[in-house]
Structure formats: structure tokens, C-alpha cells
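> Structure supplied as coords.cif; contents: mmCIF, N, CA and C atoms.
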data_work
#
loop_
_atom_site.label_atom_id
_atom_site.label_comp_id
_atom_site.auth_asym_id
_atom_site.auth_seq_id
_atom_site.Cartn_x
_atom_site.Cartn_y
_atom_site.Cartn_z
N MET A 14 -18.17 153.70 144.36
CA MET A 14 -19.33 152.84 144.39
C MET A 14 -19.01 151.54 143.65
N ASN A 15 -19.48 150.45 144.20
CA ASN A 15 -19.25 149.14 143.61
C ASN A 15 -20.09 148.98 142.35
N GLU A 16 -19.44 148.59 141.24
CA GLU A 16 -20.17 148.45 139.98
C GLU A 16 -21.10 147.25 139.98
N VAL A 17 -20.77 146.21 140.73
CA VAL A 17 -21.58 145.00 140.77
C VAL A 17 -22.52 145.10 141.97
N SER A 18 -23.80 145.10 141.68
CA SER A 18 -24.80 145.17 142.75
C SER A 18 -25.10 143.76 143.24
N GLN A 19 -24.93 143.56 144.54
CA GLN A 19 -25.20 142.24 145.09
C GLN A 19 -26.44 142.32 145.96
N VAL A 20 -27.30 141.33 145.79
CA VAL A 20 -28.52 141.24 146.58
C VAL A 20 -28.18 140.56 147.89
N GLU A 21 -28.67 141.15 148.98
CA GLU A 21 -28.44 140.53 150.27
C GLU A 21 -29.31 139.28 150.39
N THR A 22 -28.67 138.18 150.75
CA THR A 22 -29.39 136.93 150.91
C THR A 22 -29.00 136.27 152.21
N THR A 23 -29.89 135.43 152.68
CA THR A 23 -29.58 134.68 153.89
C THR A 23 -28.92 133.37 153.49
N ASP A 24 -28.36 132.69 154.48
CA ASP A 24 -27.74 131.40 154.21
C ASP A 24 -28.76 130.40 153.70
N THR A 25 -29.98 130.47 154.21
CA THR A 25 -31.03 129.56 153.77
C THR A 25 -31.37 129.80 152.30
N GLU A 26 -31.48 131.07 151.91
CA GLU A 26 -31.78 131.38 150.51
C GLU A 26 -30.66 130.89 149.59
N ARG A 27 -29.42 131.07 150.03
CA ARG A 27 -28.29 130.60 149.23
C ARG A 27 -28.31 129.08 149.10
N ALA A 28 -28.65 128.39 150.19
CA ALA A 28 -28.70 126.93 150.15
C ALA A 28 -29.81 126.47 149.20
N LEU A 29 -30.96 127.13 149.23
CA LEU A 29 -32.05 126.78 148.33
C LEU A 29 -31.67 127.05 146.87
N ALA A 30 -31.00 128.17 146.64
CA ALA A 30 -30.55 128.50 145.27
C ALA A 30 -29.55 127.46 144.78
N ARG A 31 -28.62 127.07 145.63
CA ARG A 31 -27.62 126.06 145.27
C ARG A 31 -28.31 124.74 144.94
N LYS A 32 -29.31 124.37 145.75
CA LYS A 32 -30.03 123.12 145.53
C LYS A 32 -30.75 123.14 144.18
N ARG A 33 -31.38 124.28 143.84
CA ARG A 33 -32.07 124.39 142.55
C ARG A 33 -31.09 124.31 141.38
N ILE A 34 -29.93 124.93 141.52
CA ILE A 34 -28.92 124.87 140.47
C ILE A 34 -28.45 123.42 140.28
N GLU A 35 -28.22 122.72 141.39
CA GLU A 35 -27.78 121.32 141.30
C GLU A 35 -28.86 120.46 140.66
N LYS A 36 -30.13 120.69 141.01
CA LYS A 36 -31.23 119.94 140.38
C LYS A 36 -31.29 120.22 138.89
N ARG A 37 -31.19 121.50 138.52
CA ARG A 37 -31.25 121.87 137.10
C ARG A 37 -30.12 121.22 136.32
N ARG A 38 -28.92 121.26 136.86
CA ARG A 38 -27.78 120.64 136.17
C ARG A 38 -27.95 119.14 136.07
N GLY A 39 -28.50 118.53 137.11
CA GLY A 39 -28.78 117.10 137.07
C GLY A 39 -29.79 116.76 135.98
N LEU A 40 -30.84 117.59 135.87
CA LEU A 40 -31.84 117.37 134.83
C LEU A 40 -31.24 117.54 133.45
N GLN A 41 -30.38 118.53 133.29
CA GLN A 41 -29.74 118.75 131.99
C GLN A 41 -28.88 117.55 131.60
N GLY A 42 -28.13 117.04 132.55
CA GLY A 42 -27.29 115.87 132.27
C GLY A 42 -28.12 114.64 131.95
N THR A 43 -29.21 114.47 132.69
CA THR A 43 -30.10 113.34 132.43
C THR A 43 -30.74 113.46 131.06
N PHE A 44 -31.11 114.68 130.66
CA PHE A 44 -31.72 114.88 129.35
C PHE A 44 -30.74 114.54 128.23
N VAL A 45 -29.50 114.97 128.38
CA VAL A 45 -28.49 114.65 127.36
C VAL A 45 -28.31 113.14 127.25
N ALA A 46 -28.23 112.46 128.40
CA ALA A 46 -28.10 111.00 128.38
C ALA A 46 -29.32 110.35 127.74
N TYR A 47 -30.51 110.87 128.04
CA TYR A 47 -31.75 110.37 127.47
C TYR A 47 -31.72 110.43 125.94
N VAL A 48 -31.32 111.57 125.42
CA VAL A 48 -31.29 111.75 123.96
C VAL A 48 -30.21 110.86 123.32
N VAL A 49 -29.02 110.84 123.89
CA VAL A 49 -27.92 110.08 123.30
C VAL A 49 -28.20 108.58 123.34
N ILE A 50 -28.57 108.08 124.50
CA ILE A 50 -28.78 106.63 124.63
C ILE A 50 -29.98 106.17 123.82
N ASN A 51 -31.07 106.93 123.86
CA ASN A 51 -32.24 106.50 123.10
C ASN A 51 -32.01 106.62 121.59
N SER A 52 -31.23 107.60 121.17
CA SER A 52 -30.85 107.68 119.75
C SER A 52 -30.04 106.46 119.34
N PHE A 53 -29.13 106.05 120.21
CA PHE A 53 -28.34 104.85 119.96
C PHE A 53 -29.24 103.63 119.83
N LEU A 54 -30.20 103.49 120.75
CA LEU A 54 -31.11 102.34 120.72
C LEU A 54 -31.97 102.32 119.46
N VAL A 55 -32.44 103.49 119.04
CA VAL A 55 -33.21 103.57 117.80
C VAL A 55 -32.32 103.20 116.62
N GLY A 56 -31.06 103.62 116.65
CA GLY A 56 -30.12 103.25 115.60
C GLY A 56 -29.90 101.74 115.55
N VAL A 57 -29.74 101.11 116.72
CA VAL A 57 -29.58 99.66 116.78
C VAL A 57 -30.83 98.99 116.21
N TRP A 58 -31.98 99.47 116.60
CA TRP A 58 -33.25 98.92 116.09
C TRP A 58 -33.29 99.02 114.56
N ALA A 59 -32.92 100.19 114.03
CA ALA A 59 -32.97 100.40 112.57
C ALA A 59 -31.95 99.52 111.85
N LEU A 60 -30.75 99.39 112.42
CA LEU A 60 -29.71 98.59 111.77
C LEU A 60 -29.99 97.09 111.83
N THR A 61 -30.82 96.67 112.76
CA THR A 61 -31.13 95.24 112.87
C THR A 61 -32.38 94.87 112.10
N GLY A 62 -32.85 95.77 111.26
CA GLY A 62 -33.96 95.42 110.38
C GLY A 62 -35.31 95.98 110.76
N GLY A 63 -35.36 96.83 111.77
CA GLY A 63 -36.64 97.43 112.14
C GLY A 63 -37.56 96.42 112.79
N GLY A 64 -38.76 96.33 112.26
CA GLY A 64 -39.73 95.43 112.85
C GLY A 64 -40.40 96.08 114.05
N TYR A 65 -40.70 95.26 115.05
CA TYR A 65 -41.34 95.77 116.27
C TYR A 65 -40.48 96.84 116.91
N PHE A 66 -41.06 97.99 117.19
CA PHE A 66 -40.28 99.13 117.72
C PHE A 66 -40.10 99.00 119.23
N TRP A 67 -39.20 98.10 119.63
CA TRP A 67 -38.95 97.85 121.04
C TRP A 67 -38.34 99.02 121.79
N PRO A 68 -37.59 99.96 121.16
CA PRO A 68 -37.06 101.09 121.92
C PRO A 68 -38.15 101.97 122.54
N ALA A 69 -39.38 101.85 122.04
CA ALA A 69 -40.47 102.67 122.58
C ALA A 69 -40.67 102.42 124.06
N TRP A 70 -40.45 101.19 124.52
CA TRP A 70 -40.63 100.87 125.94
C TRP A 70 -39.61 101.62 126.80
N ILE A 71 -38.40 101.67 126.34
CA ILE A 71 -37.35 102.37 127.08
C ILE A 71 -37.57 103.87 127.02
N ILE A 72 -37.90 104.37 125.84
CA ILE A 72 -38.15 105.81 125.66
C ILE A 72 -39.31 106.25 126.55
N ALA A 73 -40.39 105.47 126.56
CA ALA A 73 -41.57 105.83 127.36
C ALA A 73 -41.28 105.76 128.86
N GLY A 74 -40.66 104.67 129.28
CA GLY A 74 -40.38 104.51 130.72
C GLY A 74 -39.45 105.58 131.25
N TRP A 75 -38.38 105.82 130.53
CA TRP A 75 -37.42 106.84 130.94
C TRP A 75 -38.05 108.23 130.82
N GLY A 76 -38.91 108.42 129.83
CA GLY A 76 -39.61 109.69 129.66
C GLY A 76 -40.50 110.02 130.85
N VAL A 77 -41.17 109.01 131.39
CA VAL A 77 -41.99 109.24 132.59
C VAL A 77 -41.10 109.70 133.74
N GLY A 78 -39.96 109.06 133.89
CA GLY A 78 -39.02 109.49 134.93
C GLY A 78 -38.54 110.92 134.73
N MET A 79 -38.28 111.29 133.48
CA MET A 79 -37.87 112.66 133.18
C MET A 79 -38.98 113.65 133.53
N LEU A 80 -40.22 113.31 133.20
CA LEU A 80 -41.34 114.20 133.53
C LEU A 80 -41.50 114.38 135.03
N LEU A 81 -41.31 113.31 135.78
CA LEU A 81 -41.39 113.42 137.24
C LEU A 81 -40.26 114.31 137.79
N GLY A 82 -39.09 114.20 137.20
CA GLY A 82 -37.98 115.07 137.60
C GLY A 82 -38.26 116.52 137.30
N LEU A 83 -38.84 116.80 136.14
CA LEU A 83 -39.22 118.17 135.78
C LEU A 83 -40.29 118.71 136.71
N TRP A 84 -41.26 117.88 137.04
CA TRP A 84 -42.32 118.30 137.95
C TRP A 84 -41.74 118.65 139.31
N ASP A 85 -40.82 117.83 139.80
CA ASP A 85 -40.18 118.10 141.09
C ASP A 85 -39.40 119.41 141.05
N TYR A 86 -38.74 119.69 139.93
CA TYR A 86 -37.96 120.92 139.81
C TYR A 86 -38.86 122.15 139.77
N TYR A 87 -39.91 122.11 138.97
CA TYR A 87 -40.73 123.30 138.77
C TYR A 87 -41.73 123.58 139.89
N ARG A 88 -42.01 122.60 140.73
CA ARG A 88 -42.93 122.90 141.83
C ARG A 88 -42.22 123.71 142.91
N GLY A 89 -40.92 123.70 142.92
CA GLY A 89 -40.13 124.56 143.79
C GLY A 89 -40.04 124.06 145.22
N PRO A 90 -39.29 124.81 146.04
CA PRO A 90 -39.10 124.41 147.43
C PRO A 90 -40.32 124.73 148.28
N VAL A 91 -40.40 124.13 149.44
CA VAL A 91 -41.46 124.43 150.39
C VAL A 91 -41.16 125.78 151.02
N THR A 92 -42.14 126.69 150.98
CA THR A 92 -41.96 128.02 151.55
C THR A 92 -42.69 128.13 152.88
N GLU A 93 -42.43 129.21 153.59
CA GLU A 93 -43.13 129.45 154.85
C GLU A 93 -44.63 129.61 154.61
N ALA A 94 -45.00 130.19 153.48
CA ALA A 94 -46.43 130.32 153.14
C ALA A 94 -47.07 128.95 152.98
N ASP A 95 -46.35 128.00 152.41
CA ASP A 95 -46.87 126.63 152.28
C ASP A 95 -47.10 126.01 153.65
N VAL A 96 -46.14 126.20 154.55
CA VAL A 96 -46.25 125.65 155.90
C VAL A 96 -47.43 126.30 156.63
N ASP A 97 -47.56 127.63 156.53
CA ASP A 97 -48.67 128.33 157.18
C ASP A 97 -50.01 127.84 156.65
N HIS A 98 -50.10 127.64 155.34
CA HIS A 98 -51.34 127.16 154.73
C HIS A 98 -51.70 125.76 155.26
N GLU A 99 -50.71 124.89 155.36
CA GLU A 99 -50.95 123.54 155.86
C GLU A 99 -51.37 123.57 157.33
N LEU A 100 -50.74 124.42 158.12
CA LEU A 100 -51.12 124.55 159.53
C LEU A 100 -52.57 125.02 159.66
N ASN A 101 -52.97 125.96 158.83
CA ASN A 101 -54.36 126.43 158.86
C ASN A 101 -55.33 125.31 158.48
N ARG A 102 -54.96 124.49 157.50
CA ARG A 102 -55.81 123.35 157.11
C ARG A 102 -55.95 122.35 158.23
N MET A 103 -54.86 122.12 158.96
CA MET A 103 -54.87 121.14 160.05
C MET A 103 -55.72 121.61 161.23
N GLN A 104 -55.83 122.90 161.43
CA GLN A 104 -56.55 123.44 162.58
C GLN A 104 -58.06 123.53 162.36
N ARG A 105 -58.52 123.26 161.17
CA ARG A 105 -59.96 123.33 160.89
C ARG A 105 -60.68 122.16 161.46
#
Starting from the file, lay out its structure as C-alpha cells.


Amino acid sequence: MNEVSQVETTDTERALARKRIEKRRGLQGTFVAYVVINSFLVGVWALTGGGYFWPAWIIAGWGVGMLLGLWDYYRGPVTEADVDHELNRMQR
């Protein structure tokens, strides 16, 4: 008996899983860049004497983009149930 149990999947399921993994890795890379670059900008702000906190504009703008990326990731792929629901709405 095979010690590793493998779940049978279709090519479509594998493609969807691959797409989610790629999205997750992209988000992780973007998050690391967000933290590193914005930390650098805050450091530049602090070393130049503080004053008006201009890095807030970059942090906020990029943060909105990050939130939209997270929303796109967590809402998941379109399923057959989603399509059926939309078809039912259209037929009313």
C-alpha cells in the first residue's frame, strides 16, 4: 500500500490550485517589498529631520493596493455554483 495518500483531482482543479499558490506567493512578495521600502522611506524621513510625515501618502496608497490584492485572493475563484446563481438571477 502506498504510504502517501493522493487526492484525485481534475486538471481544472490543479490549475485553480496553481493559480491560488501563485497569487499567494505574489502577495507575500509584495508584502515584503511593502515593509522594506516603506521602512526605508520612514528612515529617510526621520534622518532628514522629521517634520511633515510625507511617507504616510505612500504607505496609505500602497496599503489600499495591498488590501485590494488580499480581497481578490480571499474571495476565491468563480465556481459552478456562482455561475448557476447568476443564471438564476438573470432568468427572473

> Please identify which residues in chain A DSSP calls alpha helix (DSSP H) from the backbone, and express them as a PyMOL selection string.

chain A and resi 24-60+68-88+93-103

> Any idea what the distance is between atom C of A:Arg38 and atom C of A:Tyr86?

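According to the coordinates, atom C of A:Arg38 and atom C of A:Tyr86 are separated by 11.9 Å.
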
> Counting all atoms listed in the file, which residues have an atom no more than 7 Å from (-35.8, 103.7, 120.3) in the file's coordinates? Please list them as a PyMOL selection string.

chain A and resi 51-56+58+66-72

> Interatomic distance between atom N of A:Thr61 and atom N of A:Gly78?

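So the two atoms, atom N of A:Thr61 and atom N of A:Gly78, lie 26.1 Å apart.
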
> Nearest residue to A:Pro90 out of A:Asp24, A:Arg102, A:Ile50, A:Arg31, using only C-alpha atoms?

A:Arg31

> Mind giving me the straight-line distance from atom CA of A:Thr25 to atom CA of A:Gly89 in Å, one decimal?

14.4 Å
